[in-house]
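Chemist: final-v6.cif is reproduced in full below (mmCIF, C-alpha atoms).
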```
data_upload
loop_
_atom_site.label_atom_id
_atom_site.label_comp_id
_atom_site.auth_asym_id
_atom_site.auth_seq_id
_atom_site.Cartn_x
_atom_site.Cartn_y
_atom_site.Cartn_z
CA MET A 1 -19.29 -77.03 77.04
CA SER A 2 -19.90 -77.09 80.75
CA THR A 3 -23.31 -77.50 82.34
CA SER A 4 -23.21 -73.86 83.40
CA SER A 5 -22.48 -72.84 79.85
CA LEU A 6 -25.41 -74.88 78.64
CA ASP A 7 -27.63 -73.22 81.20
CA LYS A 8 -26.41 -69.83 80.13
CA SER A 9 -27.17 -70.67 76.53
CA SER A 10 -30.64 -71.91 77.34
CA SER A 11 -31.42 -68.68 79.20
CA GLY A 12 -30.93 -66.76 75.97
CA LYS A 13 -27.70 -64.98 77.04
CA LYS A 14 -25.68 -66.36 74.17
CA SER A 15 -22.38 -64.95 73.01
CA ARG A 16 -22.33 -63.53 69.50
CA TRP A 17 -18.84 -64.93 68.88
CA PRO A 18 -20.03 -68.32 67.54
CA VAL A 19 -22.44 -66.66 65.12
CA TRP A 20 -19.78 -64.41 63.64
CA LEU A 21 -17.00 -66.98 63.67
CA CYS A 22 -19.06 -69.60 61.83
CA TRP A 23 -20.11 -66.86 59.41
CA LEU A 24 -16.46 -65.96 58.79
CA ALA A 25 -15.60 -69.62 58.21
CA MET A 26 -18.21 -69.54 55.45
CA VAL A 27 -16.56 -66.41 54.02
CA LEU A 28 -13.46 -68.56 53.42
CA ASP A 29 -15.60 -71.16 51.66
CA GLY A 30 -17.04 -68.35 49.53
CA PHE A 31 -13.54 -67.26 48.60
CA ASP A 32 -12.73 -70.78 47.45
CA LEU A 33 -16.02 -70.97 45.55
CA VAL A 34 -15.14 -68.24 43.06
CA VAL A 35 -11.38 -67.75 43.20
CA LEU A 36 -10.72 -70.10 40.28
CA GLY A 37 -13.48 -68.46 38.27
CA THR A 38 -11.74 -65.11 38.70
CA VAL A 39 -8.24 -66.30 37.76
CA ILE A 40 -8.94 -68.91 35.05
CA PRO A 41 -9.54 -66.42 32.19
CA THR A 42 -6.22 -64.70 32.98
CA LEU A 43 -4.33 -68.00 33.28
CA ILE A 44 -5.77 -69.29 29.99
CA LYS A 45 -5.09 -66.02 28.16
CA SER A 46 -1.50 -65.71 29.42
CA HIS A 47 -0.72 -69.46 29.37
CA GLU A 48 1.14 -68.87 32.64
CA LEU A 49 2.27 -72.10 34.37
CA GLY A 50 1.24 -73.85 31.13
CA PHE A 51 -2.50 -73.30 31.55
CA ASP A 52 -4.98 -73.83 28.73
CA ALA A 53 -8.70 -74.78 28.78
CA VAL A 54 -7.87 -78.43 29.52
CA GLY A 55 -5.46 -77.54 32.33
CA ALA A 56 -7.97 -75.12 33.85
CA THR A 57 -10.68 -77.77 33.79
CA PHE A 58 -8.35 -80.25 35.49
CA ALA A 59 -7.40 -77.72 38.19
CA ALA A 60 -11.04 -76.85 38.86
CA THR A 61 -12.01 -80.52 38.99
CA ILE A 62 -9.20 -81.72 41.27
CA SER A 63 -9.84 -78.82 43.65
CA LEU A 64 -13.38 -80.03 44.12
CA VAL A 65 -12.27 -83.64 44.55
CA GLY A 66 -10.36 -82.49 47.62
CA VAL A 67 -13.35 -80.56 48.96
CA GLY A 68 -15.63 -83.55 48.41
CA LEU A 69 -13.28 -85.95 50.17
CA GLY A 70 -13.00 -83.53 53.07
CA ALA A 71 -16.78 -83.26 53.39
CA LEU A 72 -17.35 -87.01 53.21
CA PHE A 73 -14.53 -88.32 55.38
CA ILE A 74 -13.33 -85.45 57.59
CA ALA A 75 -16.56 -83.54 58.39
CA PRO A 76 -18.17 -86.53 60.22
CA LEU A 77 -15.32 -86.36 62.75
CA SER A 78 -17.03 -83.27 64.20
CA ASP A 79 -19.63 -85.62 65.74
CA ARG A 80 -16.82 -87.38 67.64
CA LEU A 81 -14.00 -84.87 68.11
CA GLY A 82 -16.14 -81.74 68.45
CA ARG A 83 -17.11 -78.98 66.02
CA ARG A 84 -14.59 -76.45 67.37
CA ASN A 85 -11.50 -78.67 67.15
CA LEU A 86 -12.30 -79.68 63.61
CA LEU A 87 -12.95 -76.12 62.44
CA VAL A 88 -9.62 -74.86 63.83
CA ALA A 89 -7.64 -77.71 62.26
CA CYS A 90 -9.33 -77.46 58.87
CA VAL A 91 -9.07 -73.67 58.56
CA THR A 92 -5.36 -73.85 59.39
CA TRP A 93 -4.75 -76.65 56.88
CA PHE A 94 -6.65 -74.79 54.15
CA SER A 95 -4.64 -71.61 54.77
CA ILE A 96 -1.28 -73.37 54.50
CA PHE A 97 -2.02 -74.88 51.10
CA THR A 98 -3.79 -71.81 49.74
CA ILE A 99 -0.59 -69.82 50.33
CA ALA A 100 1.35 -72.69 48.73
CA VAL A 101 -0.56 -72.16 45.44
CA VAL A 102 1.36 -68.88 45.04
CA PHE A 103 4.61 -70.85 44.68
CA ALA A 104 3.30 -73.47 42.23
CA PRO A 105 5.71 -73.83 39.27
CA ASN A 106 3.24 -75.52 36.89
CA VAL A 107 -0.32 -76.78 36.45
CA ALA A 108 0.40 -80.06 38.25
CA TRP A 109 1.65 -78.41 41.45
CA PHE A 110 -1.05 -75.73 41.27
CA SER A 111 -3.66 -78.50 41.14
CA THR A 112 -1.98 -80.54 43.91
CA PHE A 113 -2.00 -77.62 46.32
CA ARG A 114 -5.64 -76.91 45.46
CA LEU A 115 -6.48 -80.57 46.16
CA LEU A 116 -4.81 -80.45 49.58
CA ALA A 117 -6.41 -77.12 50.49
CA GLY A 118 -9.79 -78.60 49.57
CA LEU A 119 -9.38 -81.48 52.02
CA GLY A 120 -9.37 -78.98 54.88
CA LEU A 121 -12.00 -76.65 53.51
CA GLY A 122 -14.43 -79.45 52.65
CA ALA A 123 -15.11 -80.17 56.31
CA CYS A 124 -15.62 -76.52 57.29
CA LEU A 125 -19.10 -76.04 55.83
CA PRO A 126 -20.72 -79.15 57.41
CA ALA A 127 -19.00 -78.53 60.75
CA ALA A 128 -19.99 -74.85 60.86
CA LEU A 129 -23.60 -75.54 59.89
CA ALA A 130 -23.85 -78.38 62.42
CA TYR A 131 -22.45 -76.02 65.05
CA MET A 132 -25.00 -73.30 64.28
CA ASN A 133 -27.89 -75.75 64.34
CA ASP A 134 -26.66 -77.04 67.71
CA TYR A 135 -26.40 -73.48 69.00
CA ALA A 136 -29.55 -71.90 67.53
CA PRO A 137 -32.95 -71.80 69.28
CA ALA A 138 -35.46 -74.50 68.33
CA GLY A 139 -37.59 -73.74 65.29
CA THR A 140 -35.01 -71.49 63.60
CA ALA A 141 -33.07 -74.02 61.54
CA GLY A 142 -33.95 -72.25 58.28
CA LYS A 143 -32.80 -68.81 59.40
CA SER A 144 -29.75 -70.13 61.26
CA THR A 145 -28.54 -72.06 58.24
CA THR A 146 -29.26 -69.46 55.59
CA ARG A 147 -27.89 -66.54 57.61
CA THR A 148 -24.69 -68.44 58.31
CA MET A 149 -24.43 -69.23 54.63
CA THR A 150 -24.67 -65.57 53.67
CA GLY A 151 -21.00 -65.57 54.66
CA TYR A 152 -20.41 -68.05 51.83
CA HIS A 153 -21.66 -65.57 49.27
CA VAL A 154 -20.33 -62.44 50.96
CA GLY A 155 -16.96 -64.16 50.60
CA ALA A 156 -17.70 -64.82 46.95
CA VAL A 157 -18.73 -61.21 46.37
CA ALA A 158 -15.64 -59.90 48.17
CA THR A 159 -13.43 -62.21 46.12
CA ALA A 160 -15.02 -61.12 42.84
CA PHE A 161 -14.61 -57.49 43.90
CA LEU A 162 -10.97 -58.09 44.84
CA ALA A 163 -10.41 -59.70 41.44
CA LEU A 164 -11.71 -56.57 39.70
CA MET A 165 -9.00 -54.60 41.53
CA VAL A 166 -5.98 -56.95 41.30
CA ILE A 167 -6.41 -59.17 38.22
CA PRO A 168 -4.21 -59.93 36.22
CA SER A 169 -2.10 -60.31 39.40
CA TRP A 170 -3.70 -63.69 40.16
CA ARG A 171 -1.25 -64.69 42.92
CA THR A 172 -2.57 -61.86 45.10
CA MET A 173 -5.92 -63.68 45.24
CA PHE A 174 -4.40 -66.71 46.96
CA VAL A 175 -2.20 -64.65 49.29
CA VAL A 176 -5.26 -62.79 50.59
CA GLY A 177 -7.28 -66.00 51.01
CA GLY A 178 -4.54 -67.79 52.92
CA LEU A 179 -3.78 -64.86 55.23
CA ALA A 180 -7.49 -64.48 56.00
CA GLY A 181 -7.59 -68.10 57.16
CA PHE A 182 -4.53 -67.68 59.36
CA ALA A 183 -6.14 -64.63 60.95
CA LEU A 184 -9.39 -66.51 61.68
CA ALA A 185 -7.91 -69.69 63.23
CA PRO A 186 -6.83 -68.17 66.61
CA PHE A 187 -10.27 -66.64 67.13
CA LEU A 188 -11.91 -70.02 66.46
CA TRP A 189 -9.62 -71.59 69.06
CA PHE A 190 -10.06 -69.02 71.82
CA LYS A 191 -13.60 -67.74 71.29
CA LEU A 192 -15.64 -70.71 70.01
CA PRO A 193 -17.22 -72.85 72.77
CA GLU A 194 -17.94 -76.50 72.04
CA THR A 195 -21.62 -77.32 71.48
CA LEU A 196 -21.50 -81.08 71.93
CA PRO A 197 -21.77 -82.12 75.61
CA PRO A 198 -18.55 -83.61 77.02
CA VAL A 199 -18.18 -87.06 78.47
CA ILE A 200 -18.75 -86.61 82.21
CA HIS A 201 -16.57 -88.85 84.34
CA ILE A 202 -18.46 -90.34 87.32
CA PRO A 203 -17.31 -92.75 90.03
CA ALA A 204 -17.08 -96.41 89.04
CA ALA A 205 -19.73 -97.36 91.59
CA ALA A 206 -22.18 -94.96 90.01
CA LYS A 207 -21.66 -96.14 86.43
CA SER A 208 -24.74 -97.62 84.81
CA PRO A 209 -24.45 -101.07 83.27
CA ALA A 210 -25.40 -101.41 79.64
CA GLY A 211 -29.12 -100.89 79.25
CA ALA A 212 -29.57 -99.37 82.74
CA ALA A 213 -31.03 -95.93 83.36
CA VAL A 214 -28.59 -93.02 83.27
CA PRO A 215 -28.27 -91.15 86.60
CA ALA A 216 -30.20 -87.90 86.90
CA GLY A 217 -28.27 -84.84 85.75
CA VAL A 218 -26.01 -86.72 83.34
CA PRO A 219 -26.58 -85.78 79.67
CA ALA A 220 -27.82 -88.63 77.49
CA ARG A 221 -24.72 -88.52 75.31
CA ALA A 222 -22.44 -88.72 78.30
CA GLY A 223 -24.51 -91.46 79.88
CA ALA A 224 -24.33 -93.50 76.70
CA ALA A 225 -20.57 -93.15 76.73
CA HIS A 226 -20.42 -94.53 80.29
CA ALA A 227 -22.67 -97.51 79.76
CA GLY A 228 -20.06 -100.24 79.89
CA ALA A 229 -17.19 -97.67 79.84
CA ALA A 230 -17.67 -97.04 76.11
CA ALA A 231 -20.43 -95.90 73.82
CA PRO A 232 -22.28 -98.77 72.14
CA ALA A 233 -21.63 -99.08 68.42
CA GLU A 234 -25.13 -97.92 67.55
CA GLU A 235 -24.61 -94.70 69.56
CA ARG A 236 -21.65 -93.62 67.46
CA ALA A 237 -22.66 -91.55 64.45
CA SER A 238 -21.66 -93.07 61.12
CA PHE A 239 -22.84 -93.27 57.55
CA ARG A 240 -24.47 -96.62 58.43
CA ASP A 241 -27.10 -94.69 60.38
CA LEU A 242 -28.27 -93.11 57.14
CA GLY A 243 -29.07 -96.60 55.84
CA ARG A 244 -31.51 -97.30 58.68
CA LYS A 245 -35.22 -96.55 58.57
CA PRO A 246 -36.46 -93.83 58.04
CA TYR A 247 -33.32 -92.34 56.49
CA PRO A 248 -32.66 -94.19 53.17
CA LEU A 249 -35.34 -92.25 51.25
CA ILE A 250 -34.18 -88.99 52.82
CA ALA A 251 -30.53 -89.75 52.02
CA ALA A 252 -31.33 -90.61 48.40
CA GLY A 253 -33.38 -87.46 47.78
CA VAL A 254 -30.87 -85.22 49.53
CA ALA A 255 -27.98 -86.84 47.64
CA VAL A 256 -29.54 -86.11 44.24
CA ALA A 257 -30.59 -82.58 45.22
CA SER A 258 -27.18 -81.75 46.72
CA PHE A 259 -25.46 -83.15 43.64
CA MET A 260 -27.56 -80.96 41.35
CA GLY A 261 -27.47 -77.95 43.65
CA LEU A 262 -23.68 -77.83 43.91
CA LEU A 263 -23.36 -78.58 40.19
CA LEU A 264 -25.18 -75.27 39.71
CA VAL A 265 -23.26 -73.35 42.37
CA TYR A 266 -19.79 -74.38 41.26
CA GLY A 267 -20.51 -74.59 37.56
CA LEU A 268 -21.77 -71.02 37.51
CA ASN A 269 -19.14 -69.55 39.80
CA THR A 270 -16.24 -71.26 38.06
CA TRP A 271 -17.26 -70.54 34.49
CA LEU A 272 -19.72 -67.61 34.40
CA PRO A 273 -17.06 -65.04 33.35
CA GLN A 274 -15.92 -67.37 30.58
CA LEU A 275 -19.51 -68.19 29.55
CA MET A 276 -20.26 -64.49 29.22
CA ALA A 277 -17.02 -63.97 27.29
CA SER A 278 -18.17 -66.72 24.92
CA ALA A 279 -21.44 -64.82 24.47
CA GLY A 280 -19.54 -61.69 23.42
CA TYR A 281 -19.37 -59.78 26.73
CA SER A 282 -16.06 -58.33 27.97
CA LEU A 283 -13.96 -59.98 30.70
CA ASN A 284 -14.70 -57.14 33.11
CA ALA A 285 -18.42 -57.51 32.41
CA GLY A 286 -18.15 -61.23 33.17
CA LEU A 287 -16.42 -60.55 36.51
CA ALA A 288 -19.03 -57.90 37.38
CA LEU A 289 -21.83 -60.37 36.59
CA LEU A 290 -20.16 -62.92 38.89
CA LEU A 291 -20.26 -60.31 41.64
CA VAL A 292 -23.93 -59.50 40.94
CA LEU A 293 -24.80 -63.22 40.90
CA ASN A 294 -23.45 -63.60 44.44
CA VAL A 295 -25.05 -60.40 45.71
CA GLY A 296 -28.34 -61.96 44.58
CA ALA A 297 -27.38 -65.10 46.50
CA VAL A 298 -27.02 -63.16 49.77
CA VAL A 299 -30.44 -61.53 49.30
CA GLY A 300 -31.96 -64.91 48.44
CA LEU A 301 -30.54 -66.51 51.58
CA LEU A 302 -32.04 -63.85 53.84
CA ILE A 303 -35.45 -64.30 52.25
CA ALA A 304 -35.39 -68.10 51.95
CA GLY A 305 -34.61 -68.80 55.61
CA VAL A 306 -37.50 -66.70 56.88
CA LEU A 307 -39.94 -68.26 54.40
CA ALA A 308 -38.73 -71.80 55.17
CA ASP A 309 -39.31 -71.38 58.93
CA ARG A 310 -42.71 -69.86 58.28
CA HIS A 311 -44.10 -72.09 55.52
CA GLY A 312 -42.00 -75.28 55.77
CA THR A 313 -38.62 -76.01 54.26
CA LYS A 314 -39.87 -78.54 51.74
CA ARG A 315 -42.35 -76.19 50.13
CA ILE A 316 -39.80 -73.38 49.78
CA VAL A 317 -36.91 -75.51 48.53
CA LEU A 318 -39.09 -77.01 45.79
CA LEU A 319 -40.25 -73.54 44.74
CA TRP A 320 -36.69 -72.21 44.80
CA PHE A 321 -35.25 -74.99 42.62
CA GLY A 322 -38.17 -74.64 40.20
CA LEU A 323 -37.62 -70.90 39.78
CA SER A 324 -33.89 -71.53 39.40
CA ALA A 325 -34.63 -73.72 36.37
CA VAL A 326 -36.76 -70.97 34.81
CA PHE A 327 -34.21 -68.18 35.22
CA LEU A 328 -31.23 -70.31 34.19
CA ALA A 329 -33.03 -71.22 30.97
CA ALA A 330 -33.75 -67.51 30.42
CA LEU A 331 -30.02 -66.69 30.58
CA SER A 332 -29.49 -68.80 27.45
CA ILE A 333 -31.04 -65.88 25.55
CA GLN A 334 -28.50 -63.17 24.75
CA ILE A 335 -29.66 -59.95 26.44
CA GLN A 336 -28.62 -56.70 24.78
CA ASN A 337 -29.92 -54.31 27.44
CA GLU A 338 -27.29 -54.07 30.18
CA VAL A 339 -29.76 -53.24 32.96
CA VAL A 340 -31.98 -56.20 32.08
CA LEU A 341 -28.93 -58.48 31.90
CA TYR A 342 -27.71 -57.52 35.36
CA ALA A 343 -31.24 -57.84 36.79
CA ALA A 344 -31.64 -61.31 35.26
CA VAL A 345 -28.30 -62.50 36.71
CA PHE A 346 -29.19 -61.00 40.11
CA VAL A 347 -32.55 -62.79 40.28
CA THR A 348 -30.92 -66.04 39.14
CA GLY A 349 -28.50 -65.72 42.05
CA VAL A 350 -31.40 -65.16 44.46
CA PHE A 351 -32.85 -68.58 43.71
CA VAL A 352 -29.96 -70.83 42.63
CA PHE A 353 -27.69 -70.60 45.65
CA SER A 354 -30.26 -70.48 48.44
CA SER A 355 -31.86 -73.61 46.95
CA GLN A 356 -28.82 -75.66 47.92
CA VAL A 357 -28.57 -74.07 51.36
CA LEU A 358 -32.21 -74.92 52.06
CA VAL A 359 -31.27 -78.57 51.47
CA TYR A 360 -28.73 -78.26 54.31
CA ALA A 361 -31.34 -76.63 56.55
CA TRP A 362 -33.77 -79.46 55.82
CA VAL A 363 -31.16 -82.11 56.62
CA SER A 364 -30.51 -80.43 59.97
CA GLN A 365 -34.23 -80.65 60.79
CA LEU A 366 -34.60 -84.30 59.75
CA VAL A 367 -31.78 -85.87 61.77
CA PRO A 368 -30.93 -85.86 65.52
CA VAL A 369 -28.12 -83.73 66.93
CA ARG A 370 -25.60 -86.54 67.28
CA LEU A 371 -25.97 -87.43 63.58
CA ARG A 372 -26.04 -83.86 62.32
CA GLY A 373 -22.37 -83.50 61.37
CA THR A 374 -22.41 -86.86 59.59
CA ALA A 375 -25.62 -86.11 57.67
CA LEU A 376 -24.43 -82.67 56.63
CA GLY A 377 -21.06 -84.13 55.65
CA PHE A 378 -22.88 -86.71 53.52
CA ALA A 379 -25.02 -84.03 51.84
CA ALA A 380 -22.04 -81.75 51.22
CA GLY A 381 -19.75 -84.60 50.17
CA VAL A 382 -22.13 -86.15 47.64
CA GLY A 383 -22.98 -82.63 46.52
CA ARG A 384 -19.31 -82.00 45.82
CA LEU A 385 -19.47 -84.73 43.20
CA GLY A 386 -21.92 -82.44 41.42
CA ALA A 387 -19.55 -79.57 42.10
CA ILE A 388 -16.87 -81.58 40.31
CA LEU A 389 -19.13 -82.46 37.38
CA GLY A 390 -20.47 -78.92 36.90
CA PRO A 391 -17.13 -77.23 36.13
CA ALA A 392 -15.93 -80.32 34.25
CA VAL A 393 -18.98 -80.41 31.96
CA THR A 394 -18.97 -76.65 31.46
CA GLY A 395 -15.22 -76.70 30.84
CA THR A 396 -15.74 -79.36 28.18
CA LEU A 397 -18.39 -77.20 26.54
CA VAL A 398 -16.00 -74.23 26.66
CA ALA A 399 -13.23 -76.29 25.04
CA ALA A 400 -15.70 -77.39 22.34
CA GLY A 401 -16.81 -73.79 21.73
CA ILE A 402 -20.49 -74.41 22.57
CA ALA A 403 -20.63 -73.30 26.21
CA TYR A 404 -23.09 -70.55 25.33
CA PRO A 405 -26.01 -71.33 25.36
CA TRP A 406 -25.68 -75.05 26.15
CA GLY A 407 -24.13 -74.48 29.57
CA PHE A 408 -27.32 -72.76 30.73
CA TYR A 409 -29.48 -75.58 29.34
CA VAL A 410 -27.48 -78.09 31.39
CA PHE A 411 -27.89 -75.96 34.53
CA ALA A 412 -31.65 -75.61 34.05
CA GLY A 413 -32.01 -79.37 33.63
CA ALA A 414 -30.07 -79.97 36.86
CA ALA A 415 -32.49 -77.74 38.79
CA VAL A 416 -35.47 -79.70 37.43
CA LEU A 417 -33.91 -83.00 38.54
CA ALA A 418 -33.43 -81.57 42.06
CA VAL A 419 -37.15 -80.74 42.24
CA LEU A 420 -38.08 -84.29 41.23
CA ALA A 421 -35.72 -85.84 43.81
CA LEU A 422 -36.89 -83.70 46.75
CA ALA A 423 -40.58 -84.21 45.99
CA PHE A 424 -40.30 -87.68 47.57
CA VAL A 425 -38.54 -86.58 50.79
CA PRO A 426 -40.88 -86.19 53.81
CA GLN A 427 -41.36 -82.76 55.35
CA THR A 428 -40.49 -84.05 58.85
CA VAL A 429 -39.42 -87.24 60.63
CA ASP A 430 -41.11 -87.94 63.96
CA ALA A 431 -39.10 -88.81 67.05
CA THR A 432 -40.55 -92.35 67.21
CA SER A 433 -39.16 -93.15 63.78
CA ARG A 434 -35.78 -91.80 64.80
CA THR A 435 -35.70 -93.94 67.93
CA GLY A 436 -36.73 -96.96 65.92
CA ALA A 437 -33.76 -96.37 63.68
CA GLY A 438 -31.49 -96.58 66.67
CA VAL A 439 -30.32 -93.01 66.47
CA GLY A 440 -31.94 -91.41 69.47
CA HIS A 441 -33.76 -88.12 69.90
CA SER A 442 -32.55 -84.73 68.89
#
```
Take the structure in the file and give it back as structure tokens.

Modeler:
Amino acid sequence: MSTSSLDKSSSGKKSRWPVWLCWLAMVLDGFDLVVLGTVIPTLIKSHELGFDAVGATFAATISLVGVGLGALFIAPLSDRLGRRNLLVACVTWFSIFTIAVVFAPNVAWFSTFRLLAGLGLGACLPAALAYMNDYAPAGTAGKSTTRTMTGYHVGAVATAFLALMVIPSWRTMFVVGGLAGFALAPFLWFKLPETLPPVIHIPAAAKSPAGAAVPAGVPARAGAAHAGAAAPAEERASFRDLGRKPYPLIAAGVAVASFMGLLLVYGLNTWLPQLMASAGYSLNAGLALLLVLNVGAVVGLLIAGVLADRHGTKRIVLLWFGLSAVFLAALSIQIQNEVVLYAAVFVTGVFVFSSQVLVYAWVSQLVPVRLRGTALGFAAGVGRLGAILGPAVTGTLVAAGIAYPWGFYVFAGAAVLAVLALAFVPQTVDATSRTGAGVGHS
């Protein structure tokens, strides 16, 4: 972004394109969140492509391996290559391999294409959230993160609704998802400005030697890049920065909470229809409950961001995970009244999904700008390990015939562990501590 663009942003005359485009990128992530949950019951029932409970569990697991690898190893590139470039590349990659799923001849190829699509998609969430936290006004990290993430669950709701209309035609689900990505990519390229300041080339005579003051008017990031013609090693964001004081305790708490949070998000969205089928509800009822769960998530995100900015992110995220545990445990009781059942699933969605998003908002507040993509990639990547375990454990319970009610007991326990992990993470990190860690100011 040019200096004039930065000035324009700081004056409050910001384009709405970045807000909507990052939101739409999250819609794609929401599609991927629930698409397997909507097609797995049909694939298992029809045995198409050779699917059974074991094959479905493998496909769900390998999909999330790809997403986790993308978050851990591709998302941090946004701190070096730019948020915009990475988003365009990853959305395009995801779209190609989502369309490829339609042509899979068996479970192995279906799973391979899902793995490859996940590599691209895994970097989208950290890059988009880092972008919005770069772009948003100071003091609005909670609202910026949670409002962007409503796209995640709007995408999930839209996907569940689409499934109600087109299932058992499961291939249509992947055609729509892939085409949506192809439609979004050109807008990301042409309408999304870069938030990270560029390297500003200055005459050789004006270059500062290593350790010298940066000339007036040159952004700190650019000045660091010109000290000695290249950025010092400690100025380049990497996972090593998270091992320097004061970040190890933060990284550990966030890792556990993200692991547990995404275990809940993916475990529920992948297997809720099947869990409800195991409890005696119809397939259509299970799909409708998946939709209601994600409608609750959108409402929860809108509430959680406002409360986090007003009362502190730590206080709200602990409350949200605690209430998630209570309502997940309550779902282990079979509810005969349909209205009460839908209300219980809705309220569960309000707390479960925004809990994880509040972890992302907190990470964005605790680290400086130049480390933001890396830290969010770490949180999302480690969290994806939980996303892998959640469907795998629930799938094992389904195969064993004990998914209901034990699946909900596992989910409630995960929420309790997240509360315990986050209790030790500080509310804020002061600028002095950040500088001492060698990571600069935000």

Chemist: Choose the residue, out of A:Val292, A:Ala285, A:Val19, A:Ala343, that has the smallest atom-to-atom separation from Thr148 of chain A; count all atoms listed in the file.

Modeler: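 Of the candidates, the smallest distance to Thr148 of chain A is held by A:Val19.
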
Chemist: I'd like the interatomic distance between atom CA of Trp271 of chain A and atom CA of Leu87 of chain A, to a tenth of an Å.

Modeler: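 Here the two named atoms are 28.8 Å from each other.
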
Chemist: So, with all atoms listed in the file as the atoms that count, which of A:Val265, A:Val410, A:Leu376, A:Ala158 lies closest to Val350 of chain A?

Modeler: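 Checking each candidate against Val350 of chain A, we get A:Val265 as the closest.
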
Chemist: Applied to the shown file, which residues does the PyMOL selection byres ((chain A and resi 320) around 10) return, written as number ranges by chain?

Modeler: A: 300, 304, 314-319, 321-325, 350-356, 358, 415, 419

Chemist: Quick one: apply the PyMOL selection byres ((chain A and resi 61-72) around 6) to the file and drop the selected residues here as a list in words.

Modeler: Phe58, Ala59, Ala60, Phe73, Ile74, Ala75, Arg114, Leu115, Gly118, Leu119, Gly122, Ala123, Gly377, Phe378, Ala380, Gly381, Arg384 and Ile388 of chain A

Chemist: Please enclose the listed atoms of segment 182-192 of chain A in an axis-aligned box, pad each side by 3 Å, and write out the centre and the three edge lengths in Å, rounded to one decimal, as AutoDock Vina command-line options.

Modeler:
```
--center_x -10.1 --center_y -68.1 --center_z 65.6 --size_x 17.1 --size_y 13.0 --size_z 18.5
```

Chemist: Could you write segment 146-156 of chain A as a PDB file, in the frame of the given file, with N, CA, C and O atoms rebuilt where they are missing?

Modeler:
```pdb
ATOM      1  N   THR A 146     -29.404 -70.392  56.707  1.00  0.00           N
ATOM      2  CA  THR A 146     -29.260 -69.460  55.590  1.00  0.00           C
ATOM      3  C   THR A 146     -28.479 -68.217  55.974  1.00  0.00           C
ATOM      4  O   THR A 146     -27.691 -67.700  55.184  1.00  0.00           O
ATOM      5  N   ARG A 147     -28.656 -67.729  57.199  1.00  0.00           N
ATOM      6  CA  ARG A 147     -27.890 -66.540  57.610  1.00  0.00           C
ATOM      7  C   ARG A 147     -26.405 -66.863  57.753  1.00  0.00           C
ATOM      8  O   ARG A 147     -25.560 -66.036  57.407  1.00  0.00           O
ATOM      9  N   THR A 148     -26.096 -68.043  58.257  1.00  0.00           N
ATOM     10  CA  THR A 148     -24.690 -68.440  58.310  1.00  0.00           C
ATOM     11  C   THR A 148     -24.106 -68.527  56.903  1.00  0.00           C
ATOM     12  O   THR A 148     -22.988 -68.094  56.651  1.00  0.00           O
ATOM     13  N   MET A 149     -24.906 -69.054  55.996  1.00  0.00           N
ATOM     14  CA  MET A 149     -24.430 -69.230  54.630  1.00  0.00           C
ATOM     15  C   MET A 149     -24.354 -67.943  53.839  1.00  0.00           C
ATOM     16  O   MET A 149     -23.805 -67.936  52.737  1.00  0.00           O
ATOM     17  N   THR A 150     -24.904 -66.844  54.364  1.00  0.00           N
ATOM     18  CA  THR A 150     -24.670 -65.570  53.670  1.00  0.00           C
ATOM     19  C   THR A 150     -23.175 -65.272  53.645  1.00  0.00           C
ATOM     20  O   THR A 150     -22.679 -64.629  52.718  1.00  0.00           O
ATOM     21  N   GLY A 151     -22.449 -65.755  54.658  1.00  0.00           N
ATOM     22  CA  GLY A 151     -21.000 -65.570  54.660  1.00  0.00           C
ATOM     23  C   GLY A 151     -20.349 -66.197  53.446  1.00  0.00           C
ATOM     24  O   GLY A 151     -19.366 -65.667  52.894  1.00  0.00           O
ATOM     25  N   TYR A 152     -20.892 -67.331  53.010  1.00  0.00           N
ATOM     26  CA  TYR A 152     -20.410 -68.050  51.830  1.00  0.00           C
ATOM     27  C   TYR A 152     -20.417 -67.131  50.617  1.00  0.00           C
ATOM     28  O   TYR A 152     -19.444 -67.037  49.864  1.00  0.00           O
ATOM     29  N   HIS A 153     -21.525 -66.405  50.453  1.00  0.00           N
ATOM     30  CA  HIS A 153     -21.660 -65.570  49.270  1.00  0.00           C
ATOM     31  C   HIS A 153     -21.110 -64.166  49.462  1.00  0.00           C
ATOM     32  O   HIS A 153     -20.708 -63.527  48.491  1.00  0.00           O
ATOM     33  N   VAL A 154     -21.059 -63.686  50.708  1.00  0.00           N
ATOM     34  CA  VAL A 154     -20.330 -62.440  50.960  1.00  0.00           C
ATOM     35  C   VAL A 154     -18.857 -62.661  50.610  1.00  0.00           C
ATOM     36  O   VAL A 154     -18.207 -61.793  50.007  1.00  0.00           O
ATOM     37  N   GLY A 155     -18.336 -63.833  50.979  1.00  0.00           N
ATOM     38  CA  GLY A 155     -16.960 -64.160  50.600  1.00  0.00           C
ATOM     39  C   GLY A 155     -16.781 -64.217  49.099  1.00  0.00           C
ATOM     40  O   GLY A 155     -15.767 -63.746  48.559  1.00  0.00           O
ATOM     41  N   ALA A 156     -17.767 -64.766  48.410  1.00  0.00           N
ATOM     42  CA  ALA A 156     -17.700 -64.820  46.950  1.00  0.00           C
ATOM     43  C   ALA A 156     -17.754 -63.429  46.335  1.00  0.00           C
ATOM     44  O   ALA A 156     -17.010 -63.120  45.394  1.00  0.00           O
TER      45      ALA A 156
END
```
